[in-house]
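Down below is the structure, laid out as structure tokens.
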Amino acid sequence: MKLIRFGEAGKEKPGILIGEKRFDVSSIVTDYNEAFFEENGLEKLKKALESNPVLPQVDASIRLGSPITRPSKIICIGLNYVDHCLETNAPIPTEPIIFFKSTTSLCGPNDNLIIPKNSEKTDWEVELAFVIGKKAIYVEESEALEYVAGYALLNDYSERAFQIERGGQWAKGKGCDTFAPLGPFLATKDEVKDVDNLSMWLTVNGKKYQNSNTLNLVFKIPFLVHYLSQFMTLLPGDIVSTGTPPGVGLGIKPDPIYIKAGDVIALGIEGLGSSSQIAVAYTK
């Protein structure tokens, strides 16, 4: 299945994507949240759809929200592509680097990117994200994929000055509003043939800056689930973003390039769709 949420920001309803058509499943599901996954909602929804219920079709012009409503946490993995480490002059990690994005950074896949107040170094990062399907504590790597509900496209926007020049705490540059557009949909595991071999790309104003493949991940998803669960409880609906490949603005030489108002950032991952954000300056 491909799960979507649609409607006005803050008032989204749950839906599904079948082919190119969107359907409203709010008569079956309350929302795609922690309770949904915790109560085996994916299997219940699948069984409900097998009876071929009459579902209202959703017009393609209606806004898509994040396919997951606000999770308990958004966990991100830093420097998880070897060539991205090289472009940023960082050592290749021997263990995953973990940081968090605020849950208020989560937004729809095509919502505007709001450049933060006083920002001069807002940057882009195409990433593969996965969503936790059931509570995970001290998970064995061999069993890790049992805890994954599905996969989605995420842009891990970053304000580099806040991140690097304001005391070295990454969260400062990662959690701004609109800094985590997710979707257009969450694809359940059966929708993705090989999550370790998906092409991914990102353009700014039509120019391609990132062009890679999940083959190049340093730490793969089963290991990440296992590793993270040694340090914290992963709750159903939690989002984990697995890191970005090379081609970020910070790494462009000799002079980095950063996002300015009016820029159009487009990105996609094979099998997980594409999204596009227009950058706008912060206003009160």
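Convention: chains lettered A, B, ... in structure tokens order; per-chain residue numbering from 1; ligands numbered from 1 as shown.
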**Study point:** Per-residue DSSP, range 13-102 of chain A, filtered to strand (DSSP E or B), as a PyMOL selection string
**Key:** chain A and resi 13-18+21-24+57-58+64-65+74-78+81+97-101
Written file, previous selection with C-alpha atoms, as a PDB file, in the first residue's frame:
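The resulting file, out_25.pdb, is shown below:
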ATOM      1  CA  LYS A  13      -7.347  12.995   6.443  1.00  0.00           C
ATOM      2  CA  PRO A  14      -5.856   9.545   5.768  1.00  0.00           C
ATOM      3  CA  GLY A  15      -5.938   8.128   2.262  1.00  0.00           C
ATOM      4  CA  ILE A  16      -4.315   5.642  -0.059  1.00  0.00           C
ATOM      5  CA  LEU A  17      -2.766   5.937  -3.492  1.00  0.00           C
ATOM      6  CA  ILE A  18      -3.774   3.353  -6.092  1.00  0.00           C
ATOM      7  CA  LYS A  21      -5.589   7.942  -8.063  1.00  0.00           C
ATOM      8  CA  ARG A  22      -6.057   9.050  -4.475  1.00  0.00           C
ATOM      9  CA  PHE A  23      -8.788   7.674  -2.225  1.00  0.00           C
ATOM     10  CA  ASP A  24     -10.153   8.748   1.162  1.00  0.00           C
ATOM     11  CA  GLN A  57     -11.845   9.698  -4.713  1.00  0.00           C
ATOM     12  CA  VAL A  58      -9.655  12.658  -3.753  1.00  0.00           C
ATOM     13  CA  LEU A  64      -0.835  16.387   0.333  1.00  0.00           C
ATOM     14  CA  GLY A  65       0.370  16.507   3.915  1.00  0.00           C
ATOM     15  CA  ILE A  74      12.348  12.193  13.991  1.00  0.00           C
ATOM     16  CA  ILE A  75      15.773  10.554  14.192  1.00  0.00           C
ATOM     17  CA  CYS A  76      18.423  11.318  11.595  1.00  0.00           C
ATOM     18  CA  ILE A  77      21.707   9.680  10.679  1.00  0.00           C
ATOM     19  CA  GLY A  78      24.593  11.967   9.787  1.00  0.00           C
ATOM     20  CA  TYR A  81      27.400   8.131   2.581  1.00  0.00           C
ATOM     21  CA  ILE A  97      26.041   9.675  14.026  1.00  0.00           C
ATOM     22  CA  ILE A  98      22.619  10.388  15.515  1.00  0.00           C
ATOM     23  CA  PHE A  99      20.750  13.680  15.727  1.00  0.00           C
ATOM     24  CA  PHE A 100      17.112  14.740  15.926  1.00  0.00           C
ATOM     25  CA  LYS A 101      14.839  17.008  13.968  1.00  0.00           C
TER      26      LYS A 101
END
Practice item. Can you check which residues of range 64-278 of chain A DSSP gives as alpha helix (DSSP H) on the backbone and send them as a ChimeraX atom specification? Key: /A:82-87,160-164,221-228
Point to revise | Which residue of A:Cys85, A:Ala279, A:Ile4, A:Leu145 approaches Val204 in chain A most closely, using only C-alpha atoms | key: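 Looking only at the distances to Val204 in chain A, the closest residue turns out to be A:Ala279.
For the pair CA of Lys121 in chain A and CA of Val82 in chain A, the interatomic distance is 23.0 Å.
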Practice item. Extract, using only C-alpha atoms, all DNA, RNA and protein residues at most 12 Å from Lys117 in chain A, discarding same-chain residues fewer than 4 positions from it, and format them as a list in words. Key: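 Once the adjacent positions are removed, what remains is Lys121, Thr122, Glu159, Phe162, Gly173, Cys176, Asp177, Val280, Ala281, Tyr282, Thr283 and Lys284 of chain A.
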**Study point:** For Lys208 in chain A, the nearest of the candidates A:Lys73, A:Gly268, A:Gly183, A:Ser229, counting only C-alpha atoms
**Key:**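 Under the stated criterion, the closest residue is A:Gly268.
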Point to revise | Minimum-distance residue to Ile92 in chain A, chosen among A:Tyr151, A:Tyr138, A:Phe219, A:Tyr227 (using only C-alpha atoms) | key: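 Comparing A:Tyr151, A:Tyr138, A:Phe219, A:Tyr227 against Ile92 in chain A, the winner is A:Phe219.
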Skip Gly133 in chain A itself and residues of its chain fewer than 5 positions away, then list as a PDB file with all heavy atoms, in the first residue's frame all residues within 8 Å of it, counting only C-alpha atoms.
ATOM      1  N   PHE A  37      -0.291   2.363  13.952  1.00  0.00           N
ATOM      2  CA  PHE A  37       0.738   1.336  13.776  1.00  0.00           C
ATOM      3  C   PHE A  37       0.782   0.380  14.960  1.00  0.00           C
ATOM      4  O   PHE A  37       0.945  -0.834  14.785  1.00  0.00           O
ATOM      5  CB  PHE A  37       2.102   1.997  13.548  1.00  0.00           C
ATOM      6  CG  PHE A  37       2.197   2.741  12.252  1.00  0.00           C
ATOM      7  CD1 PHE A  37       2.147   4.122  12.223  1.00  0.00           C
ATOM      8  CD2 PHE A  37       2.317   2.060  11.049  1.00  0.00           C
ATOM      9  CE1 PHE A  37       2.221   4.818  11.022  1.00  0.00           C
ATOM     10  CE2 PHE A  37       2.385   2.742   9.840  1.00  0.00           C
ATOM     11  CZ  PHE A  37       2.332   4.128   9.827  1.00  0.00           C
ATOM     12  N   GLU A  38       0.628   0.913  16.162  1.00  0.00           N
ATOM     13  CA  GLU A  38       0.690   0.087  17.361  1.00  0.00           C
ATOM     14  C   GLU A  38      -0.426  -0.965  17.383  1.00  0.00           C
ATOM     15  O   GLU A  38      -0.235  -2.080  17.886  1.00  0.00           O
ATOM     16  CB  GLU A  38       0.580   0.981  18.603  1.00  0.00           C
ATOM     17  CG  GLU A  38       0.801   0.282  19.905  1.00  0.00           C
ATOM     18  CD  GLU A  38       0.840   1.270  21.058  1.00  0.00           C
ATOM     19  OE1 GLU A  38       0.012   2.206  21.075  1.00  0.00           O
ATOM     20  OE2 GLU A  38       1.703   1.117  21.937  1.00  0.00           O
ATOM     21  N   GLU A 146      11.376  -6.501  10.672  1.00  0.00           N
ATOM     22  CA  GLU A 146      10.032  -6.755  11.192  1.00  0.00           C
ATOM     23  C   GLU A 146       9.465  -5.518  11.883  1.00  0.00           C
ATOM     24  O   GLU A 146       8.251  -5.424  12.082  1.00  0.00           O
ATOM     25  CB  GLU A 146      10.060  -7.921  12.182  1.00  0.00           C
ATOM     26  CG  GLU A 146      10.496  -9.251  11.582  1.00  0.00           C
ATOM     27  CD  GLU A 146      10.626 -10.343  12.632  1.00  0.00           C
ATOM     28  OE1 GLU A 146      10.095 -10.138  13.762  1.00  0.00           O
ATOM     29  OE2 GLU A 146      11.246 -11.375  12.342  1.00  0.00           O
ATOM     30  N   TYR A 147      10.332  -4.593  12.233  1.00  0.00           N
ATOM     31  CA  TYR A 147       9.925  -3.393  12.955  1.00  0.00           C
ATOM     32  C   TYR A 147       9.741  -2.183  12.036  1.00  0.00           C
ATOM     33  O   TYR A 147       9.441  -1.092  12.501  1.00  0.00           O
ATOM     34  CB  TYR A 147      10.955  -3.064  14.038  1.00  0.00           C
ATOM     35  CG  TYR A 147      10.990  -4.097  15.140  1.00  0.00           C
ATOM     36  CD1 TYR A 147      11.712  -5.273  14.978  1.00  0.00           C
ATOM     37  CD2 TYR A 147      10.282  -3.914  16.328  1.00  0.00           C
ATOM     38  CE1 TYR A 147      11.741  -6.245  15.972  1.00  0.00           C
ATOM     39  CE2 TYR A 147      10.309  -4.874  17.334  1.00  0.00           C
ATOM     40  CZ  TYR A 147      11.034  -6.034  17.147  1.00  0.00           C
ATOM     41  OH  TYR A 147      11.045  -6.995  18.125  1.00  0.00           O
ATOM     42  N   VAL A 148       9.926  -2.393  10.737  1.00  0.00           N
ATOM     43  CA  VAL A 148       9.797  -1.300   9.767  1.00  0.00           C
ATOM     44  C   VAL A 148       8.443  -1.374   9.080  1.00  0.00           C
ATOM     45  O   VAL A 148       8.068  -2.422   8.541  1.00  0.00           O
ATOM     46  CB  VAL A 148      10.932  -1.374   8.718  1.00  0.00           C
ATOM     47  CG1 VAL A 148      10.728  -0.321   7.625  1.00  0.00           C
ATOM     48  CG2 VAL A 148      12.288  -1.177   9.394  1.00  0.00           C
ATOM     49  N   ALA A 149       7.696  -0.265   9.104  1.00  0.00           N
ATOM     50  CA  ALA A 149       6.387  -0.214   8.454  1.00  0.00           C
ATOM     51  C   ALA A 149       6.504   0.112   6.976  1.00  0.00           C
ATOM     52  O   ALA A 149       5.741  -0.400   6.155  1.00  0.00           O
ATOM     53  CB  ALA A 149       5.502   0.824   9.144  1.00  0.00           C
ATOM     54  N   GLY A 150       7.447   0.984   6.618  1.00  0.00           N
ATOM     55  CA  GLY A 150       7.568   1.373   5.222  1.00  0.00           C
ATOM     56  C   GLY A 150       8.598   2.460   5.027  1.00  0.00           C
ATOM     57  O   GLY A 150       9.307   2.854   5.970  1.00  0.00           O
ATOM     58  N   LEU A 235       9.266   4.082  18.889  1.00  0.00           N
ATOM     59  CA  LEU A 235       7.822   3.916  18.979  1.00  0.00           C
ATOM     60  C   LEU A 235       7.187   3.833  17.600  1.00  0.00           C
ATOM     61  O   LEU A 235       7.723   4.384  16.627  1.00  0.00           O
ATOM     62  CB  LEU A 235       7.209   5.079  19.765  1.00  0.00           C
ATOM     63  CG  LEU A 235       7.581   5.153  21.245  1.00  0.00           C
ATOM     64  CD1 LEU A 235       6.959   6.396  21.876  1.00  0.00           C
ATOM     65  CD2 LEU A 235       7.131   3.902  21.984  1.00  0.00           C
ATOM     66  N   PRO A 236       6.043   3.163  17.493  1.00  0.00           N
ATOM     67  CA  PRO A 236       5.347   3.099  16.200  1.00  0.00           C
ATOM     68  C   PRO A 236       5.081   4.496  15.651  1.00  0.00           C
ATOM     69  O   PRO A 236       4.625   5.387  16.377  1.00  0.00           O
ATOM     70  CB  PRO A 236       4.032   2.388  16.550  1.00  0.00           C
ATOM     71  CG  PRO A 236       4.328   1.617  17.797  1.00  0.00           C
ATOM     72  CD  PRO A 236       5.326   2.435  18.555  1.00  0.00           C
ATOM     73  N   GLY A 237       5.402   4.684  14.377  1.00  0.00           N
ATOM     74  CA  GLY A 237       5.236   5.981  13.742  1.00  0.00           C
ATOM     75  C   GLY A 237       6.465   6.854  13.775  1.00  0.00           C
ATOM     76  O   GLY A 237       6.508   7.890  13.087  1.00  0.00           O
TER      77      GLY A 237
END
Review point. Suppose you want the space between CA of Gln277 in chain A and CA of Glu87 in chain A; what is it in Å?
Key: 24.6 Å
Where does range 169-275 of chain A meet range 40-51 of chain A within 12 Å, residue by residue, with the nearest atom pair and distance in Å to one decimal for each, counting only C-alpha atoms, listed by chain and rising number, as JSON lines?
{"residue": "A:Leu186", "atom": "CA", "partner": "A:Leu42", "partner_atom": "CA", "distance": 11.4}
{"residue": "A:Ala187", "atom": "CA", "partner": "A:Leu42", "partner_atom": "CA", "distance": 11.2}
{"residue": "A:Thr188", "atom": "CA", "partner": "A:Leu42", "partner_atom": "CA", "distance": 8.6}
{"residue": "A:Lys189", "atom": "CA", "partner": "A:Leu42", "partner_atom": "CA", "distance": 11.0}
{"residue": "A:Asp190", "atom": "CA", "partner": "A:Leu42", "partner_atom": "CA", "distance": 11.8}
{"residue": "A:Pro236", "atom": "CA", "partner": "A:Asn40", "partner_atom": "CA", "distance": 9.9}
{"residue": "A:Gly237", "atom": "CA", "partner": "A:Gly41", "partner_atom": "CA", "distance": 11.2}
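Take the candidates A:Ile164, A:Leu182, A:Asp123, A:Glu34 and check each one against Leu106 in chain A using only C-alpha atoms; the shortest distance goes to A:Leu182.
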Check your understanding: How far is it from CA of Lys260 in chain A to CA of Leu153 in chain A, in Å with one decimal?
Key -> 22.4 Å
